[in-house]
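Contents: one structure, followed by commentary.
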Amino acid sequence: MTAPFKDSYTYDISVQTVHNEQRWFRLELTPLIQADPSLLSDLALIAHTDVTEQKQTERQLKKALSEVRTLRGLLPICAVCKQIKDEQDSWNSVESYLEKHTHAEFTHDICPDCIRRLYPKYSNILDKRP
């Protein structure tokens, strides 16, 4: 006689409680081999575990991961104008590329070196700063 199934199976099921809560259970089915092949019944061991907390943690982690964006690897950047080539081979300003690929937002300012170079007549204001 053969078992109704040869391998163990695991199922995660969701159950709605009478208090309208969602609970998750993991069911594990394992076939039991009869020592006496003349017996006509097939047996299986069924175990269940409450995995609600694990499922809630998984859901929170998935949500957090969907909100996280990181840049990794090499970015092709123009040595002259500093634009970055994206996955579609389009060239983007550093600002637009980073806004698309991270949660960064930009404001603009001019650093002291650029003020001195571009606006020399205003650079004396910088020299008076403490």
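Following the order of the structure tokens, chains are lettered A, B, ..., residues in each are numbered from 1, and ligands are numbered from 1.
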Region 52-80 of chain A near region 22-45 of chain A within 10 Å: what's each residue's closest atom pair and its distance in Å to one decimal, counting only C-alpha atoms, ordered by chain then ascending residue number, as JSON lines?
{"residue": "A:Thr52", "atom": "CA", "partner": "A:Trp24", "partner_atom": "CA", "distance": 4.5}
{"residue": "A:Glu53", "atom": "CA", "partner": "A:Trp24", "partner_atom": "CA", "distance": 8.3}
{"residue": "A:Gln54", "atom": "CA", "partner": "A:Trp24", "partner_atom": "CA", "distance": 8.8}
{"residue": "A:Lys55", "atom": "CA", "partner": "A:Trp24", "partner_atom": "CA", "distance": 7.1}
{"residue": "A:Gln56", "atom": "CA", "partner": "A:Trp24", "partner_atom": "CA", "distance": 9.3}
Output file for the residues above (C-alpha atoms, as an mmCIF file, in the first residue's frame):
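That gives us again_18.cif:
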data_model
loop_
_atom_site.group_PDB
_atom_site.id
_atom_site.type_symbol
_atom_site.label_atom_id
_atom_site.label_comp_id
_atom_site.auth_asym_id
_atom_site.auth_seq_id
_atom_site.Cartn_x
_atom_site.Cartn_y
_atom_site.Cartn_z
ATOM 1 C CA THR A 52 0.568 35.824 12.734
ATOM 2 C CA GLU A 53 3.383 37.831 14.319
ATOM 3 C CA GLN A 54 5.849 36.592 11.691
ATOM 4 C CA LYS A 55 3.461 37.536 8.866
ATOM 5 C CA GLN A 56 2.944 41.022 10.352
#
Using DSSP on the backbone, list every residue of region 78-117 of chain A that comes out as alpha helix (DSSP H), and give them as a CSV table (one decimal) with N, CA and C atoms, in the first residue's frame.
chain,number,residue,atom,x,y,z
A,94,VAL,N,22.6,65.5,-12.5
A,94,VAL,CA,22.8,64.8,-11.2
A,94,VAL,C,21.5,64.9,-10.4
A,95,GLU,N,20.9,66.1,-10.3
A,95,GLU,CA,19.8,66.3,-9.5
A,95,GLU,C,18.6,65.5,-9.9
A,96,SER,N,18.3,65.5,-11.2
A,96,SER,CA,17.1,64.7,-11.7
A,96,SER,C,17.4,63.2,-11.5
A,97,TYR,N,18.6,62.7,-11.7
A,97,TYR,CA,18.9,61.3,-11.6
A,97,TYR,C,18.7,60.9,-10.1
A,98,LEU,N,19.2,61.7,-9.2
A,98,LEU,CA,19.1,61.3,-7.8
A,98,LEU,C,17.7,61.5,-7.3
A,99,GLU,N,16.9,62.4,-7.8
A,99,GLU,CA,15.5,62.5,-7.4
A,99,GLU,C,14.7,61.3,-7.9
A,100,LYS,N,15.1,60.8,-9.1
A,100,LYS,CA,14.4,59.6,-9.6
A,100,LYS,C,14.7,58.3,-8.8
A,101,HIS,N,16.0,58.2,-8.4
A,101,HIS,CA,16.5,57.0,-7.8
A,101,HIS,C,16.7,57.0,-6.3
A,112,PRO,N,31.2,79.2,-1.8
A,112,PRO,CA,32.1,80.4,-1.8
A,112,PRO,C,33.1,80.4,-2.9
A,113,ASP,N,33.6,79.3,-3.3
A,113,ASP,CA,34.6,79.3,-4.4
A,113,ASP,C,33.9,79.7,-5.7
A,114,CYS,N,32.7,79.3,-6.0
A,114,CYS,CA,32.0,79.7,-7.2
A,114,CYS,C,31.6,81.1,-7.2
A,115,ILE,N,31.2,81.6,-6.0
A,115,ILE,CA,30.8,83.0,-5.9
A,115,ILE,C,32.1,83.9,-6.2
A,116,ARG,N,33.2,83.5,-5.7
A,116,ARG,CA,34.4,84.2,-6.0
A,116,ARG,C,34.8,84.2,-7.5
A,117,ARG,N,34.6,83.0,-8.1
A,117,ARG,CA,34.9,82.9,-9.5
A,117,ARG,C,33.9,83.6,-10.4
Min atom-atom distance to His103 (chain A) from the set A:Ala79, A:Ile125, A:Val68, A:Leu74, counting only C-alpha atoms, belongs to A:Val68
DSSP says strand (DSSP E) for which residues of region 5-109 of chain A? Put them as a PDB file with N, CA and C atoms, in the first residue's frame?
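Written file, selection_7.pdb:
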ATOM      1  N   TYR A   9       4.203  18.601   3.164  1.00  0.00           N
ATOM      2  CA  TYR A   9       3.721  19.844   2.571  1.00  0.00           C
ATOM      3  C   TYR A   9       3.512  20.876   3.669  1.00  0.00           C
ATOM      4  N   THR A  10       3.743  22.126   3.318  1.00  0.00           N
ATOM      5  CA  THR A  10       3.534  23.232   4.240  1.00  0.00           C
ATOM      6  C   THR A  10       2.633  24.256   3.565  1.00  0.00           C
ATOM      7  N   TYR A  11       1.625  24.695   4.299  1.00  0.00           N
ATOM      8  CA  TYR A  11       0.679  25.687   3.792  1.00  0.00           C
ATOM      9  C   TYR A  11       0.530  26.797   4.821  1.00  0.00           C
ATOM     10  N   ASP A  12       0.481  28.027   4.355  1.00  0.00           N
ATOM     11  CA  ASP A  12       0.144  29.155   5.211  1.00  0.00           C
ATOM     12  C   ASP A  12      -1.282  29.557   4.878  1.00  0.00           C
ATOM     13  N   ILE A  13      -2.123  29.598   5.903  1.00  0.00           N
ATOM     14  CA  ILE A  13      -3.513  29.972   5.674  1.00  0.00           C
ATOM     15  C   ILE A  13      -3.882  31.142   6.582  1.00  0.00           C
ATOM     16  N   SER A  14      -4.817  31.933   6.100  1.00  0.00           N
ATOM     17  CA  SER A  14      -5.316  33.079   6.843  1.00  0.00           C
ATOM     18  C   SER A  14      -6.713  32.761   7.354  1.00  0.00           C
ATOM     19  N   VAL A  15      -6.964  33.137   8.618  1.00  0.00           N
ATOM     20  CA  VAL A  15      -8.264  32.870   9.226  1.00  0.00           C
ATOM     21  C   VAL A  15      -8.769  34.168   9.842  1.00  0.00           C
ATOM     22  N   GLN A  16     -10.048  34.458   9.632  1.00  0.00           N
ATOM     23  CA  GLN A  16     -10.676  35.634  10.233  1.00  0.00           C
ATOM     24  C   GLN A  16     -11.329  35.192  11.539  1.00  0.00           C
ATOM     25  N   GLN A  22      -7.312  39.128  11.693  1.00  0.00           N
ATOM     26  CA  GLN A  22      -6.736  38.166  10.759  1.00  0.00           C
ATOM     27  C   GLN A  22      -5.608  37.436  11.477  1.00  0.00           C
ATOM     28  N   ARG A  23      -5.672  36.117  11.501  1.00  0.00           N
ATOM     29  CA  ARG A  23      -4.629  35.279  12.102  1.00  0.00           C
ATOM     30  C   ARG A  23      -4.070  34.388  10.999  1.00  0.00           C
ATOM     31  N   TRP A  24      -2.770  34.132  11.079  1.00  0.00           N
ATOM     32  CA  TRP A  24      -2.110  33.271  10.106  1.00  0.00           C
ATOM     33  C   TRP A  24      -1.632  32.001  10.802  1.00  0.00           C
ATOM     34  N   PHE A  25      -1.850  30.864  10.125  1.00  0.00           N
ATOM     35  CA  PHE A  25      -1.394  29.583  10.654  1.00  0.00           C
ATOM     36  C   PHE A  25      -0.601  28.854   9.581  1.00  0.00           C
ATOM     37  N   ARG A  26       0.446  28.194  10.022  1.00  0.00           N
ATOM     38  CA  ARG A  26       1.242  27.355   9.124  1.00  0.00           C
ATOM     39  C   ARG A  26       0.864  25.909   9.422  1.00  0.00           C
ATOM     40  N   LEU A  27       0.333  25.226   8.393  1.00  0.00           N
ATOM     41  CA  LEU A  27      -0.023  23.813   8.504  1.00  0.00           C
ATOM     42  C   LEU A  27       1.068  22.973   7.850  1.00  0.00           C
ATOM     43  N   GLU A  28       1.501  21.947   8.562  1.00  0.00           N
ATOM     44  CA  GLU A  28       2.511  21.041   8.022  1.00  0.00           C
ATOM     45  C   GLU A  28       1.924  19.632   8.000  1.00  0.00           C
ATOM     46  N   LEU A  29       1.891  19.065   6.808  1.00  0.00           N
ATOM     47  CA  LEU A  29       1.351  17.716   6.631  1.00  0.00           C
ATOM     48  C   LEU A  29       2.499  16.765   6.324  1.00  0.00           C
ATOM     49  N   THR A  30       2.585  15.714   7.114  1.00  0.00           N
ATOM     50  CA  THR A  30       3.662  14.730   6.933  1.00  0.00           C
ATOM     51  C   THR A  30       3.036  13.342   6.855  1.00  0.00           C
ATOM     52  N   PRO A  31       3.296  12.595   5.784  1.00  0.00           N
ATOM     53  CA  PRO A  31       2.713  11.249   5.683  1.00  0.00           C
ATOM     54  C   PRO A  31       3.358  10.304   6.705  1.00  0.00           C
ATOM     55  N   LEU A  32       2.552   9.405   7.233  1.00  0.00           N
ATOM     56  CA  LEU A  32       3.050   8.381   8.158  1.00  0.00           C
ATOM     57  C   LEU A  32       3.022   7.044   7.433  1.00  0.00           C
ATOM     58  N   LEU A  43      -2.352   7.359   6.930  1.00  0.00           N
ATOM     59  CA  LEU A  43      -2.273   8.305   8.027  1.00  0.00           C
ATOM     60  C   LEU A  43      -1.324   9.442   7.681  1.00  0.00           C
ATOM     61  N   ALA A  44      -1.619  10.584   8.256  1.00  0.00           N
ATOM     62  CA  ALA A  44      -0.739  11.743   8.098  1.00  0.00           C
ATOM     63  C   ALA A  44      -0.726  12.508   9.414  1.00  0.00           C
ATOM     64  N   LEU A  45       0.399  13.092   9.702  1.00  0.00           N
ATOM     65  CA  LEU A  45       0.537  13.948  10.862  1.00  0.00           C
ATOM     66  C   LEU A  45       0.297  15.388  10.401  1.00  0.00           C
ATOM     67  N   ILE A  46      -0.597  16.084  11.085  1.00  0.00           N
ATOM     68  CA  ILE A  46      -0.886  17.475  10.741  1.00  0.00           C
ATOM     69  C   ILE A  46      -0.550  18.326  11.958  1.00  0.00           C
ATOM     70  N   ALA A  47       0.345  19.287  11.759  1.00  0.00           N
ATOM     71  CA  ALA A  47       0.734  20.199  12.834  1.00  0.00           C
ATOM     72  C   ALA A  47       0.423  21.614  12.394  1.00  0.00           C
ATOM     73  N   HIS A  48       0.055  22.444  13.348  1.00  0.00           N
ATOM     74  CA  HIS A  48      -0.208  23.845  13.008  1.00  0.00           C
ATOM     75  C   HIS A  48       0.515  24.754  14.001  1.00  0.00           C
ATOM     76  N   THR A  49       0.938  25.905  13.486  1.00  0.00           N
ATOM     77  CA  THR A  49       1.637  26.903  14.285  1.00  0.00           C
ATOM     78  C   THR A  49       1.061  28.271  13.945  1.00  0.00           C
ATOM     79  N   ASP A  50       0.827  29.081  14.966  1.00  0.00           N
ATOM     80  CA  ASP A  50       0.347  30.450  14.748  1.00  0.00           C
ATOM     81  C   ASP A  50       1.548  31.296  14.312  1.00  0.00           C
ATOM     82  N   ILE A  84      24.518  62.236 -15.713  1.00  0.00           N
ATOM     83  CA  ILE A  84      24.579  60.795 -15.455  1.00  0.00           C
ATOM     84  C   ILE A  84      23.719  60.068 -16.477  1.00  0.00           C
ATOM     85  N   LYS A  85      24.263  58.961 -17.025  1.00  0.00           N
ATOM     86  CA  LYS A  85      23.511  58.148 -17.989  1.00  0.00           C
ATOM     87  C   LYS A  85      22.672  57.132 -17.216  1.00  0.00           C
ATOM     88  N   TRP A  91      20.791  60.868 -20.818  1.00  0.00           N
ATOM     89  CA  TRP A  91      21.638  61.660 -19.934  1.00  0.00           C
ATOM     90  C   TRP A  91      20.766  62.574 -19.087  1.00  0.00           C
ATOM     91  N   ASN A  92      21.010  62.575 -17.774  1.00  0.00           N
ATOM     92  CA  ASN A  92      20.224  63.344 -16.812  1.00  0.00           C
ATOM     93  C   ASN A  92      21.149  64.189 -15.948  1.00  0.00           C
TER      94      ASN A  92
END
Please indicate the distance in Å from CA of Ala104 (chain A) to CA of Val80 (chain A), rounded to one decimal place.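 For CA of Ala104 (chain A) relative to CA of Val80 (chain A), the distance reads 23.5 Å.
We find CA of Thr17 (chain A) and CA of Thr57 (chain A) to be spaced 19.5 Å apart.
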From A:Leu71, A:Val51, A:Ile77, A:Cys111, residue lying nearest Leu126 (chain A) [only C-alpha atoms]: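 Result for the nearest residue to Leu126 (chain A): A:Cys111.
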Between CA of Tyr119 (chain A) and CA of Cys78 (chain A), distance in Å (one decimal):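 Calculated distance between CA of Tyr119 (chain A) and CA of Cys78 (chain A) is 25.9 Å.
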